[in-house]
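*Asks:* work-v8.cif is reproduced in full below (mmCIF, C-alpha atoms and all ligand atoms).
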data_coords
#
loop_
_atom_site.group_PDB
_atom_site.id
_atom_site.type_symbol
_atom_site.label_atom_id
_atom_site.label_comp_id
_atom_site.auth_asym_id
_atom_site.auth_seq_id
_atom_site.Cartn_x
_atom_site.Cartn_y
_atom_site.Cartn_z
ATOM 1 C CA MET U 1 9.212 -1.795 -16.558
ATOM 2 C CA ARG U 2 7.684 -0.617 -13.285
ATOM 3 C CA GLN U 3 7.778 -2.836 -10.233
ATOM 4 C CA LYS U 4 4.515 -4.766 -9.638
ATOM 5 C CA ILE U 5 3.528 -4.988 -5.976
ATOM 6 C CA LEU U 6 0.774 -6.795 -4.083
ATOM 7 C CA VAL U 7 0.327 -5.825 -0.428
ATOM 8 C CA ALA U 8 -1.744 -7.528 2.271
ATOM 9 C CA ASN U 9 -2.868 -5.068 4.943
ATOM 10 C CA TRP U 10 -4.244 -7.198 7.755
ATOM 11 C CA LYS U 11 -5.323 -4.171 9.824
ATOM 12 C CA MET U 12 -6.297 -5.282 13.377
ATOM 13 C CA HIS U 13 -6.570 -8.981 12.528
ATOM 14 C CA LYS U 14 -4.603 -12.132 13.408
ATOM 15 C CA THR U 15 -2.868 -13.339 16.530
ATOM 16 C CA GLY U 16 0.579 -14.926 16.361
ATOM 17 C CA ALA U 17 -0.954 -18.406 15.944
ATOM 18 C CA GLU U 18 -3.202 -17.177 13.124
ATOM 19 C CA THR U 19 -0.170 -15.605 11.485
ATOM 20 C CA VAL U 20 1.603 -18.975 11.542
ATOM 21 C CA SER U 21 -1.421 -20.649 9.880
ATOM 22 C CA PHE U 22 -1.564 -18.002 7.152
ATOM 23 C CA PHE U 23 2.085 -18.416 6.199
ATOM 24 C CA LYS U 24 1.818 -22.192 6.312
ATOM 25 C CA GLU U 25 -0.960 -22.044 3.743
ATOM 26 C CA LEU U 26 0.816 -19.379 1.690
ATOM 27 C CA LYS U 27 3.951 -21.495 1.537
ATOM 28 C CA SER U 28 2.005 -24.435 0.179
ATOM 29 C CA LEU U 29 0.090 -22.338 -2.389
ATOM 30 C CA LEU U 30 2.856 -20.115 -3.765
ATOM 31 C CA PRO U 31 4.891 -22.759 -5.623
ATOM 32 C CA LYS U 32 1.719 -24.047 -7.321
ATOM 33 C CA ILE U 33 0.871 -20.566 -8.522
ATOM 34 C CA MET U 34 4.416 -19.830 -9.610
ATOM 35 C CA SER U 35 4.420 -22.932 -11.806
ATOM 36 C CA GLY U 36 0.801 -22.503 -12.964
ATOM 37 C CA THR U 37 -0.369 -22.146 -16.505
ATOM 38 C CA HIS U 38 -1.175 -18.451 -16.179
ATOM 39 C CA VAL U 39 2.375 -17.419 -15.351
ATOM 40 C CA SER U 40 3.378 -16.665 -18.918
ATOM 41 C CA ASP U 41 0.652 -14.084 -19.454
ATOM 42 C CA THR U 42 0.558 -12.443 -16.015
ATOM 43 C CA HIS U 43 3.046 -10.878 -13.655
ATOM 44 C CA VAL U 44 2.797 -13.590 -10.988
ATOM 45 C CA SER U 45 6.485 -14.347 -10.751
ATOM 46 C CA ASP U 46 7.838 -10.798 -10.987
ATOM 47 C CA THR U 47 5.431 -9.285 -8.447
ATOM 48 C CA THR U 48 6.809 -8.231 -5.071
ATOM 49 C CA ILE U 49 4.526 -9.643 -2.370
ATOM 50 C CA VAL U 50 4.311 -7.720 0.900
ATOM 51 C CA VAL U 51 2.415 -8.629 4.083
ATOM 52 C CA ALA U 52 1.601 -6.060 6.792
ATOM 53 C CA PRO U 53 0.562 -7.831 10.011
ATOM 54 C CA PRO U 54 -0.286 -5.989 13.242
ATOM 55 C CA PHE U 55 2.735 -5.027 15.393
ATOM 56 C CA THR U 56 2.210 -8.007 17.727
ATOM 57 C CA SER U 57 2.646 -10.489 14.869
ATOM 58 C CA LEU U 58 5.595 -8.834 13.132
ATOM 59 C CA GLU U 59 8.277 -10.892 14.822
ATOM 60 C CA THR U 60 6.519 -14.189 14.056
ATOM 61 C CA ALA U 61 5.783 -13.084 10.496
ATOM 62 C CA SER U 62 9.332 -11.906 9.903
ATOM 63 C CA LYS U 63 10.905 -15.380 9.794
ATOM 64 C CA LEU U 64 7.973 -17.007 8.004
ATOM 65 C CA ALA U 65 7.753 -14.286 5.323
ATOM 66 C CA LYS U 66 11.419 -14.663 4.485
ATOM 67 C CA ALA U 67 10.975 -18.401 3.914
ATOM 68 C CA CYS U 68 8.219 -17.622 1.352
ATOM 69 C CA GLY U 69 10.123 -14.815 -0.383
ATOM 70 C CA VAL U 70 7.584 -12.305 0.955
ATOM 71 C CA LYS U 71 8.507 -8.825 2.265
ATOM 72 C CA LEU U 72 7.327 -7.494 5.592
ATOM 73 C CA ALA U 73 5.563 -4.166 6.239
ATOM 74 C CA ALA U 74 4.324 -2.410 9.356
ATOM 75 C CA GLN U 75 0.966 -0.644 9.333
ATOM 76 C CA ASN U 76 2.059 2.531 11.111
ATOM 77 C CA MET U 77 4.870 4.100 13.169
ATOM 78 C CA HIS U 78 5.664 7.239 15.155
ATOM 79 C CA TRP U 79 7.626 10.101 13.596
ATOM 80 C CA GLU U 80 10.138 10.291 16.456
ATOM 81 C CA GLU U 81 12.906 7.710 16.671
ATOM 82 C CA LYS U 82 12.484 7.224 20.419
ATOM 83 C CA GLY U 83 11.155 8.948 23.516
ATOM 84 C CA ALA U 84 8.282 9.238 25.957
ATOM 85 C CA PHE U 85 5.440 8.237 23.602
ATOM 86 C CA THR U 86 3.472 5.576 25.468
ATOM 87 C CA GLY U 87 1.942 2.997 23.166
ATOM 88 C CA GLU U 88 3.896 4.053 20.086
ATOM 89 C CA VAL U 89 6.386 2.147 17.909
ATOM 90 C CA SER U 90 9.412 3.647 16.127
ATOM 91 C CA ALA U 91 11.033 3.136 12.733
ATOM 92 C CA PRO U 92 14.239 1.624 14.212
ATOM 93 C CA MET U 93 12.104 -0.929 16.100
ATOM 94 C CA LEU U 94 10.397 -1.941 12.851
ATOM 95 C CA LYS U 95 13.712 -2.175 11.012
ATOM 96 C CA ALA U 96 15.078 -4.398 13.753
ATOM 97 C CA LEU U 97 12.158 -6.787 13.235
ATOM 98 C CA GLY U 98 12.910 -7.102 9.533
ATOM 99 C CA CYS U 99 10.348 -4.681 8.112
ATOM 100 C CA GLU U 100 11.260 -3.366 4.686
ATOM 101 C CA PHE U 101 8.106 -1.242 4.254
ATOM 102 C CA VAL U 102 5.732 0.811 6.376
ATOM 103 C CA ILE U 103 2.203 1.865 5.392
ATOM 104 C CA LEU U 104 1.665 5.569 6.104
ATOM 105 C CA GLY U 105 -1.305 7.878 5.593
ATOM 106 C CA HIS U 106 -3.864 5.080 5.517
ATOM 107 C CA SER U 107 -7.397 6.514 5.524
ATOM 108 C CA GLU U 108 -8.195 4.730 8.788
ATOM 109 C CA ARG U 109 -5.264 6.589 10.370
ATOM 110 C CA ARG U 110 -6.442 9.849 8.776
ATOM 111 C CA HIS U 111 -10.156 9.585 9.506
ATOM 112 C CA VAL U 112 -10.486 7.310 12.562
ATOM 113 C CA PHE U 113 -7.376 8.525 14.395
ATOM 114 C CA PHE U 114 -7.332 12.059 12.925
ATOM 115 C CA GLU U 115 -3.766 11.964 11.660
ATOM 116 C CA THR U 116 -2.938 15.182 9.846
ATOM 117 C CA ASP U 117 -1.046 15.666 6.587
ATOM 118 C CA GLU U 118 1.746 17.210 8.652
ATOM 119 C CA GLN U 119 2.050 14.171 10.930
ATOM 120 C CA ILE U 120 2.002 11.872 7.904
ATOM 121 C CA HIS U 121 4.699 13.983 6.285
ATOM 122 C CA ASN U 122 6.849 13.748 9.440
ATOM 123 C CA LYS U 123 6.399 9.983 9.491
ATOM 124 C CA ILE U 124 7.359 9.688 5.817
ATOM 125 C CA LYS U 125 10.559 11.687 6.394
ATOM 126 C CA THR U 126 11.543 9.626 9.434
ATOM 127 C CA ALA U 127 10.783 6.313 7.716
ATOM 128 C CA LEU U 128 12.946 7.240 4.713
ATOM 129 C CA ASN U 129 15.764 8.528 6.925
ATOM 130 C CA GLN U 130 15.680 5.228 8.791
ATOM 131 C CA GLY U 131 15.832 3.161 5.595
ATOM 132 C CA LEU U 132 12.216 2.006 5.490
ATOM 133 C CA LYS U 133 10.321 2.062 2.193
ATOM 134 C CA VAL U 134 6.978 3.808 2.397
ATOM 135 C CA ILE U 135 3.580 2.746 1.075
ATOM 136 C CA PHE U 136 1.984 6.192 1.092
ATOM 137 C CA CYS U 137 -1.824 6.101 0.945
ATOM 138 C CA VAL U 138 -3.955 8.841 -0.531
ATOM 139 C CA GLY U 139 -7.636 8.983 -1.447
ATOM 140 C CA GLU U 140 -10.833 10.971 -1.303
ATOM 141 C CA LYS U 141 -13.968 10.465 0.780
ATOM 142 C CA LEU U 142 -17.377 9.952 -0.843
ATOM 143 C CA ASP U 143 -18.581 13.516 -0.225
ATOM 144 C CA GLU U 144 -15.337 14.823 -1.717
ATOM 145 C CA ARG U 145 -15.819 12.728 -4.871
ATOM 146 C CA GLU U 146 -19.446 13.777 -5.127
ATOM 147 C CA SER U 147 -18.499 17.440 -4.900
ATOM 148 C CA ASN U 148 -15.792 17.055 -7.593
ATOM 149 C CA GLN U 149 -12.923 17.489 -5.156
ATOM 150 C CA THR U 150 -11.133 14.195 -5.867
ATOM 151 C CA PHE U 151 -8.192 15.778 -7.653
ATOM 152 C CA SER U 152 -7.815 18.676 -5.215
ATOM 153 C CA VAL U 153 -7.791 16.214 -2.284
ATOM 154 C CA LEU U 154 -5.151 14.052 -3.983
ATOM 155 C CA GLU U 155 -3.136 17.133 -4.907
ATOM 156 C CA LYS U 156 -3.121 18.363 -1.285
ATOM 157 C CA GLN U 157 -2.293 14.961 0.224
ATOM 158 C CA LEU U 158 0.585 14.485 -2.234
ATOM 159 C CA SER U 159 2.029 18.011 -1.921
ATOM 160 C CA LEU U 160 1.973 17.984 1.867
ATOM 161 C CA GLY U 161 3.007 14.362 2.321
ATOM 162 C CA LEU U 162 5.933 14.539 -0.091
ATOM 163 C CA ALA U 163 7.149 18.055 0.790
ATOM 164 C CA GLY U 164 10.933 17.992 1.123
ATOM 165 C CA VAL U 165 11.222 14.397 -0.117
ATOM 166 C CA ASN U 166 14.029 14.406 -2.678
ATOM 167 C CA LYS U 167 14.188 12.493 -5.936
ATOM 168 C CA ALA U 168 16.407 9.718 -4.570
ATOM 169 C CA GLN U 169 14.047 9.238 -1.626
ATOM 170 C CA LEU U 170 11.025 9.116 -3.909
ATOM 171 C CA SER U 171 12.359 5.900 -5.410
ATOM 172 C CA GLU U 172 11.753 4.334 -1.959
ATOM 173 C CA ILE U 173 8.074 5.297 -2.064
ATOM 174 C CA VAL U 174 5.084 3.423 -3.434
ATOM 175 C CA ILE U 175 1.802 5.312 -3.642
ATOM 176 C CA ALA U 176 -1.484 3.577 -2.902
ATOM 177 C CA TYR U 177 -4.666 5.202 -4.199
ATOM 178 C CA GLU U 178 -7.441 4.113 -1.859
ATOM 179 C CA PRO U 179 -10.752 5.921 -2.375
ATOM 180 C CA VAL U 180 -12.218 5.948 1.131
ATOM 181 C CA TRP U 181 -15.701 5.091 -0.174
ATOM 182 C CA ALA U 182 -14.366 1.815 -1.585
ATOM 183 C CA ILE U 183 -12.617 0.590 1.581
ATOM 184 C CA GLY U 184 -14.371 -2.310 3.282
ATOM 185 C CA THR U 185 -17.630 -1.405 1.522
ATOM 186 C CA GLY U 186 -17.612 -3.918 -1.325
ATOM 187 C CA LYS U 187 -17.918 -0.886 -3.630
ATOM 188 C CA VAL U 188 -14.901 -1.101 -5.890
ATOM 189 C CA ALA U 189 -13.847 1.782 -8.145
ATOM 190 C CA GLU U 190 -14.584 1.346 -11.839
ATOM 191 C CA PRO U 191 -11.350 0.559 -13.714
ATOM 192 C CA ALA U 192 -11.662 3.919 -15.504
ATOM 193 C CA GLN U 193 -12.074 5.761 -12.177
ATOM 194 C CA ALA U 194 -8.972 4.068 -10.763
ATOM 195 C CA GLU U 195 -6.986 4.791 -13.928
ATOM 196 C CA GLU U 196 -8.032 8.451 -13.945
ATOM 197 C CA ALA U 197 -6.874 8.909 -10.337
ATOM 198 C CA HIS U 198 -3.628 6.986 -10.912
ATOM 199 C CA ARG U 199 -2.894 9.052 -14.008
ATOM 200 C CA PHE U 200 -3.493 12.231 -12.011
ATOM 201 C CA ILE U 201 -1.110 11.031 -9.269
ATOM 202 C CA ARG U 202 1.603 10.188 -11.799
ATOM 203 C CA ARG U 203 1.177 13.580 -13.502
ATOM 204 C CA LYS U 204 1.458 15.332 -10.112
ATOM 205 C CA VAL U 205 4.669 13.444 -9.313
ATOM 206 C CA TRP U 206 5.978 14.409 -12.744
ATOM 207 C CA ASP U 207 5.277 18.084 -11.906
ATOM 208 C CA MET U 208 6.943 17.745 -8.486
ATOM 209 C CA TYR U 209 9.964 15.753 -9.745
ATOM 210 C CA ASP U 210 10.431 14.772 -13.388
ATOM 211 C CA MET U 211 9.114 12.447 -16.064
ATOM 212 C CA ASP U 212 11.474 9.530 -15.351
ATOM 213 C CA THR U 213 10.735 9.629 -11.622
ATOM 214 C CA ALA U 214 6.999 9.640 -12.311
ATOM 215 C CA ALA U 215 7.299 6.834 -14.865
ATOM 216 C CA ALA U 216 9.144 4.592 -12.377
ATOM 217 C CA LEU U 217 6.715 5.130 -9.482
ATOM 218 C CA PRO U 218 4.552 2.113 -8.602
ATOM 219 C CA ILE U 219 0.946 3.172 -7.894
ATOM 220 C CA LEU U 220 -1.291 0.588 -6.220
ATOM 221 C CA TYR U 221 -5.076 0.527 -6.076
ATOM 222 C CA GLY U 222 -6.852 -0.315 -2.807
ATOM 223 C CA GLY U 223 -10.517 -0.610 -1.853
ATOM 224 C CA SER U 224 -12.558 -3.850 -1.854
ATOM 225 C CA VAL U 225 -10.037 -5.615 -4.125
ATOM 226 C CA LYS U 226 -10.838 -9.297 -4.779
ATOM 227 C CA ALA U 227 -9.723 -11.745 -7.440
ATOM 228 C CA GLN U 228 -13.133 -11.315 -9.131
ATOM 229 C CA ASN U 229 -12.760 -7.563 -9.648
ATOM 230 C CA PHE U 230 -9.031 -7.032 -9.913
ATOM 231 C CA LYS U 231 -8.273 -8.276 -13.417
ATOM 232 C CA ALA U 232 -10.031 -5.334 -15.069
ATOM 233 C CA ILE U 233 -8.449 -2.762 -12.732
ATOM 234 C CA SER U 234 -5.023 -4.356 -13.066
ATOM 235 C CA SER U 235 -5.217 -4.097 -16.851
ATOM 236 C CA GLU U 236 -5.219 -0.288 -16.667
ATOM 237 C CA PRO U 237 -1.833 1.118 -17.705
ATOM 238 C CA ASN U 238 -1.200 3.157 -14.538
ATOM 239 C CA VAL U 239 -2.198 0.447 -12.039
ATOM 240 C CA ASP U 240 0.874 -1.399 -10.744
ATOM 241 C CA GLY U 241 -0.658 -3.596 -8.075
ATOM 242 C CA ALA U 242 -3.000 -3.600 -5.102
ATOM 243 C CA LEU U 243 -3.226 -2.867 -1.397
ATOM 244 C CA VAL U 244 -5.676 -5.449 -0.102
ATOM 245 C CA GLY U 245 -7.553 -5.519 3.204
ATOM 246 C CA GLY U 246 -10.319 -8.098 3.713
ATOM 247 C CA ALA U 247 -9.351 -10.431 0.877
ATOM 248 C CA SER U 248 -5.772 -10.650 2.199
ATOM 249 C CA LEU U 249 -6.790 -12.392 5.415
ATOM 250 C CA GLU U 250 -6.924 -15.812 3.773
ATOM 251 C CA ALA U 251 -3.821 -16.946 1.886
ATOM 252 C CA LYS U 252 -5.992 -18.482 -0.842
ATOM 253 C CA SER U 253 -8.033 -15.360 -1.640
ATOM 254 C CA PHE U 254 -4.904 -13.207 -1.424
ATOM 255 C CA ILE U 255 -2.967 -15.404 -3.830
ATOM 256 C CA GLU U 256 -5.897 -15.539 -6.246
ATOM 257 C CA ILE U 257 -5.484 -11.772 -6.619
ATOM 258 C CA LEU U 258 -1.841 -12.343 -7.579
ATOM 259 C CA GLU U 259 -3.033 -14.459 -10.502
ATOM 260 C CA GLN U 260 -4.974 -11.469 -11.840
ATOM 261 C CA MET U 261 -1.946 -9.153 -12.026
ATOM 262 C CA SER U 262 -1.390 -7.945 -15.556
HETATM 263 P P1 LIG U 301 -10.503 -3.659 1.860
HETATM 264 O O1 LIG U 301 -9.765 -4.428 0.812
HETATM 265 O O2 LIG U 301 -10.986 -4.501 2.989
HETATM 266 O O3 LIG U 301 -11.571 -2.773 1.258
HETATM 267 O O4 LIG U 301 -9.430 -2.656 2.520
HETATM 268 C C1 LIG U 301 -8.679 -1.847 1.707
HETATM 269 C C2 LIG U 301 -7.610 -1.202 2.515
HETATM 270 O O5 LIG U 301 -7.872 -0.303 3.284
HETATM 271 C C3 LIG U 301 -6.244 -1.728 2.378
HETATM 272 O O6 LIG U 301 -5.340 -0.874 3.014
#
Please, can you express the file's structure as structure tokens?
*Replies:*
Amino acid sequence: MRQKILVANWKMHKTGAETVSFFKELKSLLPKIMSGTHVSDTHVSDTTIVVAPPFTSLETASKLAKACGVKLAAQNMHWEEKGAFTGEVSAPMLKALGCEFVILGHSERRHVFFETDEQIHNKIKTALNQGLKVIFCVGEKLDERESNQTFSVLEKQLSLGLAGVNKAQLSEIVIAYEPVWAIGTGKVAEPAQAEEAHRFIRRKVWDMYDMDTAAALPILYGGSVKAQNFKAISSEPNVDGALVGGASLEAKSFIEILEQMS
């Protein structure tokens, strides 16, 4: 069975003190959910929970996450391991803080900060070489969907991002399909739209690697995920979890999404 994963991407939210409050609430809610009545028919207890705070809260979050059984992710990193790159953060620095994952290729990095497929590829290679697991985001913009380019956009992002990544390294990668038009807009993809894109991604990975590698790859959906809309998306066979922005900022709304995992 594929790994189920639920990721909180806090983006540019939460100070250290706010991070402490979040984990305090999470710690009180998690045991209740784990022993809840839904556990037998959902994947609550076998889901890997990951939280990605901003860099400034990573150290605080690191200790608190461990106490809750939650994994830590960074939201970005530089592709070089060190050097004269003012304002940047490296993979070894993130490892030293206890990060197990790093989010790369997020659409806000691509479209607000103009990161290229080549830069994302370089970051993916460095992260894997440094022992970080990668949450690799792909997804089309609204105009690309409307002009029937969804699959060609996904194809290009996957081919360029994963170029030179070998089969063993691919097992350290999780792909997140985040249609840009659904991020922070309240406009969630229809379950069938998410499934179609996830199936395409898995088929592409099969072509690039092999069937077993593709079958084992967790593919997460992201874009306006909330407890109210996630059950239907999560029921699709190629959806293995979610990458959550807004609804991950409160422990309660984040954990309610966990209860919808199927
Ligand atoms: P929202 O859940 O706020 O739409 O953000 C999605 C996202 O970009 C997660 O990485």
*Asks:* Excluding segment 227-229 of chain U and residues on its chain fewer than 4 positions from it, collect all residues at most 12 Å away from it, counting only C-alpha atoms, and give them as a PDB file with C-alpha atoms, in the frame of the given file.
*Replies:*
ATOM      1  CA  GLY U 186     -17.612  -3.918  -1.325  1.00  0.00           C
ATOM      2  CA  LYS U 187     -17.918  -0.886  -3.630  1.00  0.00           C
ATOM      3  CA  VAL U 188     -14.901  -1.101  -5.890  1.00  0.00           C
ATOM      4  CA  ALA U 189     -13.847   1.782  -8.145  1.00  0.00           C
ATOM      5  CA  GLU U 190     -14.584   1.346 -11.839  1.00  0.00           C
ATOM      6  CA  PRO U 191     -11.350   0.559 -13.714  1.00  0.00           C
ATOM      7  CA  TYR U 221      -5.076   0.527  -6.076  1.00  0.00           C
ATOM      8  CA  GLY U 222      -6.852  -0.315  -2.807  1.00  0.00           C
ATOM      9  CA  GLY U 223     -10.517  -0.610  -1.853  1.00  0.00           C
ATOM     10  CA  ILE U 233      -8.449  -2.762 -12.732  1.00  0.00           C
ATOM     11  CA  SER U 234      -5.023  -4.356 -13.066  1.00  0.00           C
ATOM     12  CA  SER U 235      -5.217  -4.097 -16.851  1.00  0.00           C
ATOM     13  CA  ALA U 242      -3.000  -3.600  -5.102  1.00  0.00           C
ATOM     14  CA  VAL U 244      -5.676  -5.449  -0.102  1.00  0.00           C
ATOM     15  CA  GLY U 246     -10.319  -8.098   3.713  1.00  0.00           C
ATOM     16  CA  ALA U 247      -9.351 -10.431   0.877  1.00  0.00           C
ATOM     17  CA  SER U 248      -5.772 -10.650   2.199  1.00  0.00           C
ATOM     18  CA  LYS U 252      -5.992 -18.482  -0.842  1.00  0.00           C
ATOM     19  CA  SER U 253      -8.033 -15.360  -1.640  1.00  0.00           C
ATOM     20  CA  PHE U 254      -4.904 -13.207  -1.424  1.00  0.00           C
ATOM     21  CA  ILE U 255      -2.967 -15.404  -3.830  1.00  0.00           C
ATOM     22  CA  GLU U 256      -5.897 -15.539  -6.246  1.00  0.00           C
ATOM     23  CA  ILE U 257      -5.484 -11.772  -6.619  1.00  0.00           C
ATOM     24  CA  LEU U 258      -1.841 -12.343  -7.579  1.00  0.00           C
ATOM     25  CA  GLU U 259      -3.033 -14.459 -10.502  1.00  0.00           C
ATOM     26  CA  GLN U 260      -4.974 -11.469 -11.840  1.00  0.00           C
ATOM     27  CA  MET U 261      -1.946  -9.153 -12.026  1.00  0.00           C
TER      28      MET U 261
END
*Asks:* Could you jot down the atom CA of Val44 of chain U to atom CA of Asn238 of chain U separation for me, Å, one decimal place?
*Replies:*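 Atom CA of Asn238 of chain U lies at a distance of 17.6 Å from atom CA of Val44 of chain U.
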*Asks:* Please identify the residues whose atoms come within 8 Å of ligand LIG 301 (chain U), using all atoms listed in the file, and report them as a list in words.
*Replies:*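 Those within range of ligand LIG 301 (chain U) are Ala8, Asn9, Trp10, Lys11, His106, Ser107, Glu108, Glu178, Val180, Ala182, Ile183, Gly184, Thr185, Gly186, Gly222, Gly223, Ser224, Val225, Lys226, Leu243, Val244, Gly245, Gly246, Ala247 and Ser248 of chain U.
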*Asks:* Using all atoms listed in the file, find the one residue out of U:Ile49, U:Ala67, U:Met211, U:Ala17 that sits nearest to Ile5 of chain U.
*Replies:* U:Ile49
*Asks:* In terms of the shortest atom-to-atom distance over only C-alpha atoms, which of U:Val153, U:Val165, U:Met1, U:Ala61 is closest to Thr19 of chain U?
*Replies:* U:Ala61
*Asks:* Which is closer to Ser171 of chain U than all the others in U:Tyr209, U:Phe113, U:Phe85, U:Trp79, using all atoms listed in the file?
*Replies:*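 Checking each of U:Tyr209, U:Phe113, U:Phe85, U:Trp79 against Ser171 of chain U, counting all atoms listed in the file, the winner is U:Tyr209.
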*Asks:* When the PyMOL selection byres (((chain U and resi 213) around 12) and not hetatm) is applied to the structure above, which residues does it catch, written out as a PyMOL selection string?
*Replies:* chain U and resi 2+166-174+202-212+214-218
*Asks:* What is the atom CA of Leu6 of chain U to atom CA of Gly241 of chain U distance in Å?
*Replies:*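 These atoms are spaced 5.3 Å apart.
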*Asks:* Let me know the residues the PyMOL selection byres (((chain U and resi 52) around 7) and not hetatm) catches in the file above, as number ranges by chain.
*Replies:* U: 8-10, 50-51, 53-54, 72-75
*Asks:* What does the distance between atom CA of Leu162 of chain U and atom CA of Met12 of chain U come to in Å, to one decimal place?
*Replies:* 26.9 Å
*Asks:* For Ala91 of chain U, which of U:Leu30, U:Ala127, U:Ile219, U:Ala232 is the closest residue, counting all atoms listed in the file?
*Replies:* U:Ala127
*Asks:* Counting all atoms listed in the file, which of U:Arg109, U:Arg145, U:Lys14, U:Lys63 gets nearest to Met77 of chain U?
*Replies:* U:Arg109
*Asks:* Using only the atoms of segment 112-117 of chain U listed in the file, plus 3 Å on each side, state the axis-aligned box centre and edge lengths in Å rounded to one decimal, as AutoDock Vina command-line options.
*Replies:*
--center_x -5.8 --center_y 11.5 --center_z 10.5 --size_x 15.4 --size_y 14.4 --size_z 13.8
*Asks:* Name every residue that the PyMOL selection byres (((chain U and resi 68) around 10) and not hetatm) selects in this structure, writing the answer as a list in words with chains first and numbers rising.
*Replies:* Phe23, Lys24, Leu26, Lys27, Ser28, Leu30, Pro31, Ile49, Lys63, Leu64, Ala65, Lys66, Ala67, Gly69, Val70 and Lys71 of chain U
*Asks:* Can you tell me which residues surround Leu158 of chain U at a distance of at most 10 Å, considering only C-alpha atoms, apart from same-chain residues fewer than 6 positions away, and format the answer as a ChimeraX atom specification?
*Replies:* /U:117,121,136-139,152,175,201,204-205,208
*Asks:* For Thr48 of chain U, which of U:Glu118, U:Asp143, U:Asp240, U:Glu81 is the closest residue, counting all atoms listed in the file?
*Replies:*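 Distance minimum relative to Thr48 of chain U lands on U:Asp240.
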*Asks:* May I ask you to restore all heavy atoms in segment 3-7 of chain U and write the result as a PDB file, in the coordinates of the input?
*Replies:*
ATOM      1  N   GLN U   3       7.939  -1.737 -11.175  1.00  0.00           N
ATOM      2  CA  GLN U   3       7.778  -2.836 -10.233  1.00  0.00           C
ATOM      3  C   GLN U   3       6.284  -3.104  -9.974  1.00  0.00           C
ATOM      4  O   GLN U   3       5.510  -2.162  -9.790  1.00  0.00           O
ATOM      5  CB  GLN U   3       8.461  -2.409  -8.925  1.00  0.00           C
ATOM      6  CG  GLN U   3       8.729  -3.520  -7.971  1.00  0.00           C
ATOM      7  CD  GLN U   3       9.257  -2.971  -6.639  1.00  0.00           C
ATOM      8  OE1 GLN U   3       9.437  -1.769  -6.457  1.00  0.00           O
ATOM      9  NE2 GLN U   3       9.473  -3.874  -5.723  1.00  0.00           N
ATOM     10  N   LYS U   4       5.892  -4.371  -9.978  1.00  0.00           N
ATOM     11  CA  LYS U   4       4.515  -4.766  -9.638  1.00  0.00           C
ATOM     12  C   LYS U   4       4.508  -5.181  -8.169  1.00  0.00           C
ATOM     13  O   LYS U   4       5.404  -5.925  -7.737  1.00  0.00           O
ATOM     14  CB  LYS U   4       4.076  -5.965 -10.485  1.00  0.00           C
ATOM     15  CG  LYS U   4       4.070  -5.683 -11.974  1.00  0.00           C
ATOM     16  CD  LYS U   4       2.786  -5.017 -12.377  1.00  0.00           C
ATOM     17  CE  LYS U   4       2.820  -4.575 -13.828  1.00  0.00           C
ATOM     18  NZ  LYS U   4       1.622  -3.811 -14.200  1.00  0.00           N
ATOM     19  N   ILE U   5       3.530  -4.724  -7.422  1.00  0.00           N
ATOM     20  CA  ILE U   5       3.528  -4.988  -5.976  1.00  0.00           C
ATOM     21  C   ILE U   5       2.116  -5.369  -5.511  1.00  0.00           C
ATOM     22  O   ILE U   5       1.137  -4.714  -5.896  1.00  0.00           O
ATOM     23  CB  ILE U   5       3.998  -3.738  -5.181  1.00  0.00           C
ATOM     24  CG1 ILE U   5       5.339  -3.234  -5.723  1.00  0.00           C
ATOM     25  CG2 ILE U   5       4.115  -4.041  -3.693  1.00  0.00           C
ATOM     26  CD1 ILE U   5       5.862  -1.972  -5.063  1.00  0.00           C
ATOM     27  N   LEU U   6       2.054  -6.395  -4.687  1.00  0.00           N
ATOM     28  CA  LEU U   6       0.774  -6.795  -4.083  1.00  0.00           C
ATOM     29  C   LEU U   6       0.956  -6.788  -2.568  1.00  0.00           C
ATOM     30  O   LEU U   6       1.831  -7.483  -2.046  1.00  0.00           O
ATOM     31  CB  LEU U   6       0.382  -8.196  -4.572  1.00  0.00           C
ATOM     32  CG  LEU U   6      -0.925  -8.747  -4.021  1.00  0.00           C
ATOM     33  CD1 LEU U   6      -2.129  -7.906  -4.473  1.00  0.00           C
ATOM     34  CD2 LEU U   6      -1.117 -10.200  -4.456  1.00  0.00           C
ATOM     35  N   VAL U   7       0.150  -5.989  -1.876  1.00  0.00           N
ATOM     36  CA  VAL U   7       0.327  -5.825  -0.428  1.00  0.00           C
ATOM     37  C   VAL U   7      -0.910  -6.309   0.322  1.00  0.00           C
ATOM     38  O   VAL U   7      -2.039  -5.941  -0.029  1.00  0.00           O
ATOM     39  CB  VAL U   7       0.570  -4.332  -0.061  1.00  0.00           C
ATOM     40  CG1 VAL U   7       0.899  -4.196   1.425  1.00  0.00           C
ATOM     41  CG2 VAL U   7       1.675  -3.721  -0.917  1.00  0.00           C
TER      42      VAL U   7
END
